[in-house]
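J.: Have a look at the structure that comes next, please.
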Amino acid sequence: MNEYMTKKLDSVLPLVQKPARYIGGELNSIIKNADKITSRFAFCFPDVYEVGMSHLGMKILYHQLNRREDTWVERVFTPWDDMEMQMKENNIPLYGLESRDPLKEFDFVGFTLQYELSYSNILNMLKMADIPIYSKDRGENDPLICAGGPCAYNGEPIADFIDFFLLGEGEEIWEEVLDAYALHKKNGGSKKDFLLKIAREIQGIYVPSFYDVSYNNDGTVKEISINTEGVPEKIRKRIIVDMDKVYYPDAFVVPFMDIVHNRVMLEIFRGCIRGCRFCQAGMIYRPVREKSAENLCLAGENLISSTGYEEMSLSSLSTSDYTQFEKLANGLIDMAEKKKVSLSLPSLRIDNMSLDILKKVQTVRKSGLTFAPEAGTQRLRDVLNKGVTQEDILRSANMVFCEGWSNVKLYFMMGLPTETDEDIVGIARTGYSVLDCFKKCDSPKKANRINITVSVSSFVPKPFTPFQWEAQNPMEELVRKQQLLKDTIKTRAITYNYHMSKVSCLEGVFARGDRRLSKVIELACEKGCKFDGWDEFFKYDAWMEAFCEAGLEPEFYSRRKREFSEVLPWDMVDIGVTKAFLQRECEKAYRGETTPNCREKCSGCGAKSFGGGVCYE
Amino acid sequence: MSKYILKFEKADSVKYVSHLDLIRVFDRAMRRAQLPMGYSQGFNPHPLMTFAHPLGVGVSSIGELVEITTAEHLQEKEFLNRLQEFMPVGFKLIDIKEIEGKNNFARLTSADYKINIEGKFPESDLVKSFNKLKEILIDKKTKSGIKETDIRPFILSFEGNMGVYMARLKTGAENLKPELFVKALEKYIPDFSPEWVQILRVQLNDGEGNSLF
């Protein structure tokens with residue numbers, strides 16, 4: 001471990017909140033001899049330790065890539081602002097938690113892009129590491145800066161800062177990049193040589209500097225063109241075809257302090273068969289690919305043994321759609337019993353089978369049950385292709401009330417395409433009908449009191465969804481709708497929660513932004529913007545000043561409805577699902593027509609071209 | 001159910017692991033080691049584990065004590081060795097003793113600290129001038145909020161020189177944190193400004209000043 005840094009840290013750590021965020025050394029963290037390593041990789045999660053350490057993707061890649069003898073992956077999180085201040089005052093650069101070496105000494109500094117509002121943290125972290133933020137300003141001795149994760153599918157707003165993006169699932173592509181890097185280091189050559197090589201030879205690598213973007217007079221993209229020979233016109237995402245053959249860690253790093261998801265997590269499948277038209281995850285992770293229940297039970301047992309965790313949970317986009325759910329749940333319940341750990345299940349569609357399972361799982365009783373109708377009327381749910389009816393919700397609610405549950409959470413969105421005030425009032429009506437259902441329930445087990453939570457978030461149109469062409473509601477409109485709904489809910493049995501609409505507007509800008517926004521992020525960062533996803537840090541006015549100084553209007557990105565013919569900033573990316581399918585789905589949405597899920601009938605989205613998963617079941 | 005007191009070391013970076021997080025560290029290590037942890041009865045069972053006295057975040061120790069209840073009887077040495085294998089780096093188990101009865105830590109009266117300081121020192125003898133003080137007033141957290149308190153009676157002994165000192169401070173029901181003791185030094189000794197301080201808890205003592213276990 002870096003002795004110099006350790007001594008420096010000892011002088012500041014007693015002065016900051018939660019110093020355990022910054023020490024490393026947790027159980028199952030991996031220490032290597034840096035002298036014998038070819039590729040040193042700083043895996044950065046641009047948020048605070050508790051959030052980043054809860055992320056499953058990082059756990060997978062950390063343990064997988066550290067199996068390589070030539071590679072050492074270390075973890076880096078954004079220091080909280082008290083620590084940032086101490087580091088600045090004491091000239092402590094941002095460091096990897098394992099070695100405590102400054103980021104500048106690494107070969108790769110990679111960021112995972114889980115949400116758009118972390119972009120300011122990325123720049124802030126590069127600054128703390130004393131690495132020039134713009135790719136063009138970095139030299140041969142600076143690390144390669146790369147990024148992956150869901151927001152990388154449209155990474156254009158940070159294109160000027162990132163040397164290369166990795167599109168899709170990371171397990172295979174990272175092995176290929178590290179192999180290429182080892183060869184590159186042996187043979188010599190410039191950073192550009194390396195970027196060119198991986199852009200040409202590895203599917204899923206997007207090097208933004210090899211692509212030029214031109215604009216029309218109205219500010220829309222005119223053309224995206226290649227400026228370097230041999231790089232792909234369209235960059236196709238990577239997926240793991242066989243989920244039973246892919247690596248899954250047999251150990252997780254176990255933090256000393258409490259984190260957001262502090263438990264063993266089992267990933268049961270990737271993708272989602274549903275095709276909700278607002279949902280980016282439902283499109284970009286296609287096709288659905290499952291793991292077998294046997295493998296998962298085994299993985300769960302191993303992870304409990306290696307971590308000592310007292311809790312285990314499942315991870316997927318829609319657990320109820322797992323075809324071997326009953327077998328898996330019963331297997332895990334038995335194992336949990338034996339190992340004296342608890343199993344927590346995510347929200348499930350309620351039927352007789354799942355209810356039986358839920359009854360066996362004690363933790364559910366405490367947290368209550370969750371439904372996501374997403375919209376307040378059947379008409380709008382059909383627009384969204386959310387295959388849930390009012391009857392489904394009430395039937396499920398009745399079943400759980402009869403069993404004595406008393407906490408129900410309902411999730412909705414507002415600001416959706418074609419939405420009217422009728423739909424907003426419908427949200428309240430849905431809440432009231434669940435309340436009625438509780439009142440009518442005459443089971444002896446029924447609880448004395450009911451607590452219904454209605455949570456409403458603002459819809460943000462995302463790239464690679466059927467709604468990628470839609471306009472986002474103006475902020476004033478969202479505020480009006482929030483108030484309308486608030487006025488319609490008059491009972492104390494229903495708690496109404498909503499999100500800050502200013503945050504959603506900024507998220508909307510970056511979700512569908514282009515390269516010109518890099519300047520805005522740079523300016524906002526200079527104005528002290530950071531941790532934008534945290535209410536206590538979010539500086540809306542500073543962001544607006546940054547837009548103004550960069551000569552860009554946020555409304556151009558968020559509030560404008562696009563023509564189907566418009567060139568979109570992310571058109572060079574191929575997620576398998578075709579633009580034609582997304583357009584078809586958008587048109588069907590306006591006609592209020594639903595689309596069957598992948599297991600009912602194939603709708604020809606294009607994901608079949610990957611040659612696996614649900615498309616071939 | 002059987003009860004054991006373990007003496008352990010908390011060294012290097014794990015000195016920043018908070019007291020509350022320590023319970024999880026031991027509980028998880030017990031589970032990894034497949035040792036039969038004892039749990040409380042009831043709806044929310046918790047591991048039966050008591051620490052003699054909390055250690056401030058950032059203070060290391062070679063004399064921490066924890067009482068662990070196990071569901072089955074274990075051989076002392078086997079228990080210690082097995083658990084050690086599964087503890088995170090920085091936690092060293094030093095000794096173990098099977099015990100009986102309740103409130104085994106009630107006899108705790110004082111603790112010995114080794115304090116290493118780098119920085120600017122006065123020319124006069126720091127220890128001598130400090131020990132001469134009749135009254136040492138410091139803002140101290142009490143049951144009724146932060147109050148200026150005379151901590152002189154809490155300081156049982158203080159010796160050393162050249163930046164390496166030993167202090168015996170009251171610990172337990174009557175308590176003085178070593179961090180506060182260093183603050184008092186800084187306040188009362190002219191021309192003294194510590195830049196780098198390392199505190200090590202060496203031993204927990206009973207009323208006679210003997211090691212508690």
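Ordering of the structure tokens sets the chain letters (A, B, ...), residue numbers begin anew at 1 in every chain, and ligands are numbered from 1 in the order given.
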Within 6 Å of Arg238 (chain A), counting only C-alpha atoms, which residues qualify if same-chain residues fewer than 6 places away don't, as JSON, numbers by chain?

T.: {"A": [168, 169, 204]}

J.: Taking only C-alpha atoms into account, which residues of chain A are within 7 Å of chain B, as a PDB file with N, CA, C and O atoms, in the first residue's frame?

T.:
ATOM      1  N   SER A  11      -3.982  11.958   8.428  1.00  0.00           N
ATOM      2  CA  SER A  11      -4.156  13.302   8.972  1.00  0.00           C
ATOM      3  C   SER A  11      -5.521  13.889   8.609  1.00  0.00           C
ATOM      4  O   SER A  11      -5.966  14.833   9.250  1.00  0.00           O
ATOM      5  N   PRO A  14      -9.603  11.391  10.306  1.00  0.00           N
ATOM      6  CA  PRO A  14     -10.335  11.650  11.565  1.00  0.00           C
ATOM      7  C   PRO A  14     -11.244  12.880  11.474  1.00  0.00           C
ATOM      8  O   PRO A  14     -12.076  13.094  12.336  1.00  0.00           O
ATOM      9  N   PRO A  19     -15.373   7.849   7.697  1.00  0.00           N
ATOM     10  CA  PRO A  19     -14.070   7.604   7.067  1.00  0.00           C
ATOM     11  C   PRO A  19     -13.952   6.216   6.433  1.00  0.00           C
ATOM     12  O   PRO A  19     -13.117   6.015   5.557  1.00  0.00           O
ATOM     13  N   ALA A  20     -14.812   5.263   6.845  1.00  0.00           N
ATOM     14  CA  ALA A  20     -14.726   3.914   6.275  1.00  0.00           C
ATOM     15  C   ALA A  20     -14.991   3.917   4.772  1.00  0.00           C
ATOM     16  O   ALA A  20     -14.674   2.956   4.081  1.00  0.00           O
ATOM     17  N   ILE A  23     -11.144   3.927   3.079  1.00  0.00           N
ATOM     18  CA  ILE A  23      -9.986   3.161   3.546  1.00  0.00           C
ATOM     19  C   ILE A  23      -9.694   1.892   2.742  1.00  0.00           C
ATOM     20  O   ILE A  23      -8.572   1.405   2.757  1.00  0.00           O
ATOM     21  N   GLY A  25      -9.553  -2.124   1.988  1.00  0.00           N
ATOM     22  CA  GLY A  25      -9.200  -3.179   2.938  1.00  0.00           C
ATOM     23  C   GLY A  25     -10.371  -4.030   3.387  1.00  0.00           C
ATOM     24  O   GLY A  25     -10.252  -4.821   4.332  1.00  0.00           O
ATOM     25  N   GLU A  26     -11.533  -3.892   2.728  1.00  0.00           N
ATOM     26  CA  GLU A  26     -12.694  -4.681   3.122  1.00  0.00           C
ATOM     27  C   GLU A  26     -12.452  -6.151   2.789  1.00  0.00           C
ATOM     28  O   GLU A  26     -11.641  -6.489   1.929  1.00  0.00           O
ATOM     29  N   LEU A  27     -13.219  -7.011   3.450  1.00  0.00           N
ATOM     30  CA  LEU A  27     -13.134  -8.437   3.188  1.00  0.00           C
ATOM     31  C   LEU A  27     -13.367  -8.707   1.698  1.00  0.00           C
ATOM     32  O   LEU A  27     -14.276  -8.135   1.103  1.00  0.00           O
ATOM     33  N   PHE A 256     -17.328  -2.469   5.459  1.00  0.00           N
ATOM     34  CA  PHE A 256     -17.418  -2.357   6.912  1.00  0.00           C
ATOM     35  C   PHE A 256     -18.664  -1.573   7.304  1.00  0.00           C
ATOM     36  O   PHE A 256     -19.346  -1.887   8.263  1.00  0.00           O
ATOM     37  N   MET A 257     -18.930  -0.518   6.535  1.00  0.00           N
ATOM     38  CA  MET A 257     -20.048   0.359   6.883  1.00  0.00           C
ATOM     39  C   MET A 257     -21.311  -0.103   6.169  1.00  0.00           C
ATOM     40  O   MET A 257     -21.261  -0.938   5.272  1.00  0.00           O
ATOM     41  N   SER A 305     -21.540 -18.153   2.060  1.00  0.00           N
ATOM     42  CA  SER A 305     -20.353 -18.683   2.755  1.00  0.00           C
ATOM     43  C   SER A 305     -19.163 -17.745   2.670  1.00  0.00           C
ATOM     44  O   SER A 305     -18.404 -17.624   3.623  1.00  0.00           O
ATOM     45  N   SER A 306     -18.979 -17.104   1.531  1.00  0.00           N
ATOM     46  CA  SER A 306     -17.764 -16.306   1.361  1.00  0.00           C
ATOM     47  C   SER A 306     -17.899 -14.897   1.921  1.00  0.00           C
ATOM     48  O   SER A 306     -16.901 -14.235   2.186  1.00  0.00           O
ATOM     49  N   THR A 307     -19.134 -14.405   2.066  1.00  0.00           N
ATOM     50  CA  THR A 307     -19.307 -13.039   2.561  1.00  0.00           C
ATOM     51  C   THR A 307     -19.749 -13.001   4.017  1.00  0.00           C
ATOM     52  O   THR A 307     -19.475 -12.021   4.711  1.00  0.00           O
ATOM     53  N   GLY A 308     -20.495 -14.034   4.458  1.00  0.00           N
ATOM     54  CA  GLY A 308     -21.066 -13.988   5.800  1.00  0.00           C
ATOM     55  C   GLY A 308     -22.269 -13.070   5.878  1.00  0.00           C
ATOM     56  O   GLY A 308     -22.761 -12.766   6.960  1.00  0.00           O
ATOM     57  N   TYR A 309     -22.749 -12.622   4.734  1.00  0.00           N
ATOM     58  CA  TYR A 309     -23.924 -11.750   4.719  1.00  0.00           C
ATOM     59  C   TYR A 309     -25.108 -12.428   5.383  1.00  0.00           C
ATOM     60  O   TYR A 309     -25.273 -13.638   5.307  1.00  0.00           O
TER      61      TYR A 309
END

J.: Identify, with DSSP run on backbone atoms, the residues in region 37-198 of chain B assigned to helix (DSSP H, G or I), and express the list as a VMD selection string.

T.: chain B and resid 76 to 85 126 to 132 152 to 154 178 to 188

J.: Determine which residues of region 235-398 of chain A receive a DSSP assignment of strand (DSSP E), computed from the backbone, and state them as a PDB file with C-alpha atoms, in the first residue's frame.

T.:
ATOM      1  CA  ILE A 235     -21.347   0.283 -33.277  1.00  0.00           C
ATOM      2  CA  ARG A 236     -23.185  -2.795 -32.183  1.00  0.00           C
ATOM      3  CA  VAL A 264     -25.884 -10.984  -1.461  1.00  0.00           C
ATOM      4  CA  MET A 265     -27.509 -10.236  -4.806  1.00  0.00           C
ATOM      5  CA  LEU A 266     -28.335 -12.887  -7.346  1.00  0.00           C
ATOM      6  CA  GLU A 267     -28.871 -11.811 -10.920  1.00  0.00           C
ATOM      7  CA  PHE A 269     -31.845 -12.883 -15.836  1.00  0.00           C
ATOM      8  CA  ARG A 270     -31.053  -9.973 -18.125  1.00  0.00           C
ATOM      9  CA  ARG A 289     -31.685 -14.449 -21.149  1.00  0.00           C
ATOM     10  CA  GLU A 290     -32.176 -16.479 -17.999  1.00  0.00           C
ATOM     11  CA  GLU A 311     -29.388 -11.302   3.783  1.00  0.00           C
ATOM     12  CA  MET A 312     -29.882 -12.287   0.153  1.00  0.00           C
ATOM     13  CA  SER A 313     -31.999 -10.808  -2.625  1.00  0.00           C
ATOM     14  CA  LEU A 314     -32.754 -11.253  -6.320  1.00  0.00           C
ATOM     15  CA  SER A 315     -31.957  -8.856  -9.104  1.00  0.00           C
ATOM     16  CA  SER A 342     -33.019 -13.884   5.405  1.00  0.00           C
ATOM     17  CA  LEU A 343     -34.271 -13.731   1.856  1.00  0.00           C
ATOM     18  CA  SER A 344     -35.837 -10.559   0.542  1.00  0.00           C
ATOM     19  CA  LEU A 369     -46.134  -4.660  -1.368  1.00  0.00           C
ATOM     20  CA  THR A 370     -45.413  -2.688  -4.445  1.00  0.00           C
ATOM     21  CA  PHE A 371     -47.374  -2.252  -7.655  1.00  0.00           C
ATOM     22  CA  ALA A 372     -46.349  -0.184 -10.636  1.00  0.00           C
ATOM     23  CA  PRO A 373     -49.446   0.705 -12.682  1.00  0.00           C
ATOM     24  CA  GLU A 374     -47.357   3.650 -14.041  1.00  0.00           C
TER      25      GLU A 374
END

J.: Here is a test: counting only C-alpha atoms, which residue of B:Met166, B:Leu137, B:Leu204, B:Leu74 is nearest to Ala111 (chain B)?

T.: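 Selected residue with least distance to Ala111 (chain B): B:Leu204.
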
J.: When you look at region 64-73 of chain B with a cut-off of 10 Å (counting only C-alpha atoms), what residues show up, excluding the ones that are within fewer than 2 positions of it in the same chain? I need them as a compact mmCIF listing (two decimals) with N, CA, C and O atoms, in the first residue's frame.

T.:
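In the end it all went to out-v2.txt:
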# COMPACT_ATOMS: atom_id res chain seq x y z
N MET B 1 -25.98 -22.46 25.56
CA MET B 1 -25.24 -21.23 25.26
C MET B 1 -23.97 -21.15 26.10
O MET B 1 -23.98 -21.43 27.30
N SER B 2 -22.88 -20.73 25.48
CA SER B 2 -21.63 -20.51 26.20
C SER B 2 -21.14 -19.10 25.92
O SER B 2 -21.45 -18.53 24.88
N LYS B 3 -20.36 -18.57 26.88
CA LYS B 3 -19.88 -17.19 26.73
C LYS B 3 -18.37 -17.14 26.73
O LYS B 3 -17.72 -17.86 27.51
N TYR B 4 -17.82 -16.29 25.88
CA TYR B 4 -16.37 -16.15 25.80
C TYR B 4 -16.03 -14.67 25.74
O TYR B 4 -16.76 -13.88 25.15
N ILE B 5 -14.89 -14.34 26.35
CA ILE B 5 -14.36 -13.00 26.13
C ILE B 5 -13.13 -13.12 25.24
O ILE B 5 -12.24 -13.94 25.50
N LEU B 6 -13.14 -12.34 24.17
CA LEU B 6 -11.99 -12.33 23.26
C LEU B 6 -11.29 -10.99 23.36
O LEU B 6 -11.96 -9.94 23.42
N LYS B 7 -9.97 -11.07 23.37
CA LYS B 7 -9.18 -9.84 23.33
C LYS B 7 -8.68 -9.69 21.89
O LYS B 7 -8.20 -10.67 21.32
N PHE B 8 -8.83 -8.51 21.34
CA PHE B 8 -8.38 -8.37 19.94
C PHE B 8 -7.73 -7.02 19.68
O PHE B 8 -7.85 -6.07 20.44
N GLU B 9 -7.04 -7.03 18.53
CA GLU B 9 -6.30 -5.86 18.10
C GLU B 9 -7.06 -5.21 16.94
O GLU B 9 -7.61 -5.90 16.10
N LYS B 10 -7.11 -3.89 16.93
CA LYS B 10 -7.74 -3.16 15.82
C LYS B 10 -6.67 -2.23 15.29
O LYS B 10 -6.39 -1.19 15.89
N ILE B 23 -20.00 -4.82 15.19
CA ILE B 23 -20.90 -5.95 15.47
C ILE B 23 -21.08 -6.76 14.20
O ILE B 23 -21.00 -7.99 14.20
N PHE B 26 -17.97 -8.91 13.28
CA PHE B 26 -17.85 -10.17 14.02
C PHE B 26 -18.97 -11.15 13.63
O PHE B 26 -18.73 -12.34 13.47
N ASP B 27 -20.18 -10.65 13.48
CA ASP B 27 -21.31 -11.52 13.13
C ASP B 27 -21.05 -12.23 11.80
O ASP B 27 -21.24 -13.43 11.65
N MET B 30 -18.27 -14.80 12.04
CA MET B 30 -18.78 -16.01 12.68
C MET B 30 -19.53 -16.87 11.66
O MET B 30 -19.40 -18.09 11.64
N LEU B 35 -19.28 -20.84 12.67
CA LEU B 35 -19.31 -20.98 14.12
C LEU B 35 -20.71 -20.64 14.61
O LEU B 35 -21.35 -19.75 14.06
N PRO B 36 -21.21 -21.34 15.62
CA PRO B 36 -22.61 -21.18 16.03
C PRO B 36 -22.85 -19.94 16.89
O PRO B 36 -22.85 -20.01 18.10
N MET B 37 -23.07 -18.83 16.23
CA MET B 37 -23.35 -17.57 16.93
C MET B 37 -24.64 -17.73 17.74
O MET B 37 -25.60 -18.34 17.27
N GLY B 38 -24.67 -17.16 18.94
CA GLY B 38 -25.91 -17.13 19.71
C GLY B 38 -26.72 -15.89 19.34
O GLY B 38 -26.15 -14.81 19.17
N TYR B 39 -28.03 -16.08 19.19
CA TYR B 39 -28.88 -14.94 18.85
C TYR B 39 -29.94 -14.74 19.91
O TYR B 39 -30.37 -15.69 20.58
N SER B 40 -30.39 -13.49 20.05
CA SER B 40 -31.48 -13.19 20.98
C SER B 40 -32.77 -13.79 20.44
O SER B 40 -32.90 -14.02 19.25
N PRO B 47 -27.37 -10.72 17.12
CA PRO B 47 -26.28 -11.52 17.67
C PRO B 47 -25.97 -11.12 19.10
O PRO B 47 -25.96 -9.93 19.43
N LEU B 48 -25.71 -12.09 19.96
CA LEU B 48 -25.40 -11.81 21.36
C LEU B 48 -23.91 -11.49 21.48
O LEU B 48 -23.06 -12.38 21.51
N MET B 49 -23.64 -10.23 21.54
CA MET B 49 -22.26 -9.75 21.48
C MET B 49 -22.18 -8.42 22.21
O MET B 49 -23.02 -7.55 22.01
N THR B 50 -21.22 -8.28 23.09
CA THR B 50 -21.07 -7.01 23.83
C THR B 50 -19.60 -6.60 23.80
O THR B 50 -18.71 -7.42 24.05
N PHE B 51 -19.36 -5.33 23.51
CA PHE B 51 -18.00 -4.82 23.56
C PHE B 51 -17.78 -4.10 24.88
O PHE B 51 -18.69 -3.46 25.40
N ALA B 52 -16.57 -4.22 25.41
CA ALA B 52 -16.28 -3.64 26.72
C ALA B 52 -16.49 -2.13 26.71
O ALA B 52 -17.13 -1.57 27.59
N HIS B 53 -15.95 -1.48 25.69
CA HIS B 53 -16.07 -0.04 25.64
C HIS B 53 -15.81 0.46 24.23
O HIS B 53 -14.86 0.00 23.60
N PRO B 54 -16.65 1.38 23.74
CA PRO B 54 -16.45 1.84 22.36
C PRO B 54 -15.10 2.53 22.19
O PRO B 54 -14.60 3.17 23.12
N LEU B 55 -14.55 2.36 21.02
CA LEU B 55 -13.27 2.99 20.70
C LEU B 55 -13.57 4.07 19.66
O LEU B 55 -14.33 3.82 18.71
N SER B 60 -6.60 3.33 17.28
CA SER B 60 -6.34 1.90 17.16
C SER B 60 -6.18 1.28 18.54
O SER B 60 -6.13 1.99 19.54
N SER B 61 -6.11 -0.05 18.58
CA SER B 61 -6.06 -0.70 19.90
C SER B 61 -5.37 -2.04 19.80
O SER B 61 -5.44 -2.74 18.79
N ILE B 62 -4.66 -2.40 20.92
CA ILE B 62 -4.15 -3.76 21.02
C ILE B 62 -4.78 -4.45 22.21
O ILE B 62 -4.33 -5.50 22.65
N GLN B 75 -14.25 -25.28 22.13
CA GLN B 75 -12.93 -25.25 22.76
C GLN B 75 -12.33 -23.87 22.53
O GLN B 75 -12.33 -23.38 21.40
N GLU B 76 -11.82 -23.24 23.62
CA GLU B 76 -11.33 -21.86 23.51
C GLU B 76 -10.38 -21.65 22.34
O GLU B 76 -10.59 -20.79 21.49
N PHE B 79 -11.86 -22.15 18.84
CA PHE B 79 -12.75 -21.03 18.53
C PHE B 79 -11.91 -19.86 18.03
O PHE B 79 -12.14 -19.30 16.95
N LEU B 93 -6.99 -11.53 16.70
CA LEU B 93 -7.50 -12.05 17.97
C LEU B 93 -6.30 -12.49 18.81
O LEU B 93 -5.47 -13.28 18.37
N ILE B 94 -6.21 -11.95 20.04
CA ILE B 94 -5.01 -12.17 20.84
C ILE B 94 -5.22 -13.25 21.91
O ILE B 94 -4.35 -14.04 22.20
N ASP B 95 -6.40 -13.24 22.50
CA ASP B 95 -6.61 -14.14 23.63
C ASP B 95 -8.09 -14.47 23.76
O ASP B 95 -8.94 -13.72 23.26
N ILE B 96 -8.38 -15.57 24.45
CA ILE B 96 -9.78 -15.95 24.64
C ILE B 96 -9.94 -16.58 26.01
O ILE B 96 -8.99 -17.20 26.54
N LYS B 97 -11.11 -16.42 26.61
CA LYS B 97 -11.35 -16.98 27.93
C LYS B 97 -12.84 -17.26 28.04
O LYS B 97 -13.65 -16.38 27.76
N GLU B 98 -13.17 -18.49 28.41
CA GLU B 98 -14.58 -18.78 28.62
C GLU B 98 -14.99 -18.20 29.96
O GLU B 98 -14.24 -18.26 30.93
N ILE B 99 -16.17 -17.61 30.03
CA ILE B 99 -16.61 -16.99 31.28
C ILE B 99 -18.07 -17.32 31.56
O ILE B 99 -18.77 -17.86 30.72
N ASN B 103 -22.78 -8.94 33.07
CA ASN B 103 -22.08 -7.67 33.31
C ASN B 103 -20.59 -7.86 33.57
O ASN B 103 -20.05 -7.33 34.54
N ASN B 104 -19.96 -8.62 32.73
CA ASN B 104 -18.55 -8.92 32.95
C ASN B 104 -17.64 -7.72 32.76
O ASN B 104 -16.49 -7.74 33.15
N PHE B 105 -18.18 -6.69 32.11
CA PHE B 105 -17.35 -5.51 31.88
C PHE B 105 -17.63 -4.39 32.89
O PHE B 105 -17.13 -3.29 32.76
N ARG B 201 -5.00 2.38 21.99
CA ARG B 201 -5.46 1.91 23.29
C ARG B 201 -4.69 0.62 23.59
O ARG B 201 -4.70 -0.30 22.77
N VAL B 202 -4.04 0.60 24.74
CA VAL B 202 -3.16 -0.52 25.06
C VAL B 202 -3.87 -1.54 25.93
O VAL B 202 -3.76 -2.74 25.71
N GLN B 203 -4.64 -1.07 26.88
CA GLN B 203 -5.23 -2.00 27.85
C GLN B 203 -6.43 -1.38 28.55
O GLN B 203 -6.48 -0.18 28.79
N LEU B 204 -7.42 -2.24 28.84
CA LEU B 204 -8.57 -1.82 29.65
C LEU B 204 -8.36 -2.36 31.07
O LEU B 204 -7.99 -3.53 31.23
N LEU B 212 -8.30 -5.96 32.74
CA LEU B 212 -9.65 -6.45 33.01
C LEU B 212 -9.75 -7.95 32.76
O LEU B 212 -10.43 -8.66 33.50
N PHE B 213 -9.07 -8.43 31.73
CA PHE B 213 -9.06 -9.87 31.46
C PHE B 213 -7.68 -10.34 31.00
O PHE B 213 -6.96 -9.57 30.39

J.: Write out as a PyMOL selection string the residues lying within 9 Å of region 431-435 of chain A, counting only C-alpha atoms and excluding same-chain residues fewer than 3 positions away.

T.: chain A and resi 390+393-394+397-398+408+410+426-428+438-440+450-454+489+491+493-494

J.: Restricting the output to N, CA and C atoms, write the selected residues as a compact mmCIF listing (two decimals), in the first residue's frame.

T.:
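See part29.txt below for the written result:
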# COMPACT_ATOMS: atom_id res chain seq x y z
N GLN A 390 -56.72 -2.45 -14.07
CA GLN A 390 -57.27 -2.08 -12.77
C GLN A 390 -57.67 -3.34 -12.01
N ILE A 393 -54.79 -5.13 -10.41
CA ILE A 393 -54.31 -4.47 -9.20
C ILE A 393 -55.23 -4.78 -8.03
N LEU A 394 -56.56 -4.65 -8.28
CA LEU A 394 -57.49 -4.85 -7.18
C LEU A 394 -57.55 -6.30 -6.74
N ALA A 397 -54.48 -6.77 -4.69
CA ALA A 397 -54.61 -6.05 -3.43
C ALA A 397 -55.52 -6.82 -2.48
N ASN A 398 -56.63 -7.31 -3.01
CA ASN A 398 -57.57 -8.06 -2.18
C ASN A 398 -56.89 -9.29 -1.58
N VAL A 408 -49.12 -0.75 1.13
CA VAL A 408 -49.13 -0.90 -0.33
C VAL A 408 -48.49 0.34 -0.94
N LEU A 410 -47.79 2.30 -4.57
CA LEU A 410 -48.18 2.35 -5.98
C LEU A 410 -47.27 3.35 -6.69
N GLY A 426 -56.96 10.13 -12.47
CA GLY A 426 -57.03 8.67 -12.45
C GLY A 426 -56.03 8.04 -11.49
N ILE A 427 -54.89 8.70 -11.28
CA ILE A 427 -53.89 8.20 -10.33
C ILE A 427 -54.51 8.18 -8.93
N ALA A 428 -55.17 9.30 -8.59
CA ALA A 428 -55.83 9.37 -7.28
C ALA A 428 -56.93 8.32 -7.20
N PHE A 438 -59.64 -2.40 0.38
CA PHE A 438 -59.26 -2.73 1.76
C PHE A 438 -60.49 -2.66 2.68
N LYS A 439 -61.31 -1.61 2.49
CA LYS A 439 -62.49 -1.44 3.35
C LYS A 439 -63.47 -2.60 3.18
N LYS A 440 -63.59 -3.07 1.93
CA LYS A 440 -64.54 -4.15 1.65
C LYS A 440 -64.04 -5.53 2.08
N ILE A 450 -54.58 0.83 7.15
CA ILE A 450 -53.96 0.68 5.85
C ILE A 450 -53.09 1.88 5.57
N ASN A 451 -52.01 1.62 4.86
CA ASN A 451 -51.10 2.70 4.49
C ASN A 451 -50.79 2.58 3.01
N ILE A 452 -51.38 3.44 2.21
CA ILE A 452 -51.14 3.39 0.76
C ILE A 452 -50.21 4.55 0.39
N THR A 453 -49.13 4.22 -0.27
CA THR A 453 -48.23 5.28 -0.73
C THR A 453 -48.33 5.39 -2.24
N VAL A 454 -48.62 6.59 -2.72
CA VAL A 454 -48.67 6.84 -4.15
C VAL A 454 -47.43 7.66 -4.50
N ILE A 489 -56.22 14.10 -3.79
CA ILE A 489 -56.07 13.09 -2.74
C ILE A 489 -56.40 13.73 -1.40
N THR A 491 -57.49 11.90 1.51
CA THR A 491 -57.54 11.02 2.67
C THR A 491 -56.15 10.82 3.25
N ALA A 493 -55.17 8.14 4.53
CA ALA A 493 -54.74 6.76 4.28
C ALA A 493 -53.79 6.68 3.10
N ILE A 494 -53.82 7.72 2.26
CA ILE A 494 -52.94 7.72 1.09
C ILE A 494 -51.86 8.79 1.26

J.: Taking 6 positions as the minimum chain separation for residues in the same chain, which residues sit within 10 Å of region 184-191 of chain A when counting only C-alpha atoms? Answer as a list in words.

T.: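 The contact residues come out as Thr38, Ser39, Gly139, Glu140, Asn141, Asp142, Pro143, Leu144, Asp163, Leu178 and Lys197 of chain A.
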
J.: Write out as a list in words each polymer residue whose atoms come within 8 Å of region 175-190 of chain B, counting only C-alpha atoms; drop sequence neighbours fewer than 3 positions from it.

T.: Gly56, Tyr113, Pro122, Leu126, Ser129, Phe130, Ile136, Leu137, Ile138, Lys140, Ile151, Phe154, Ile155, Leu169, Lys170, Thr171, Gly172, Ser193, Pro194 and Ile199 of chain B
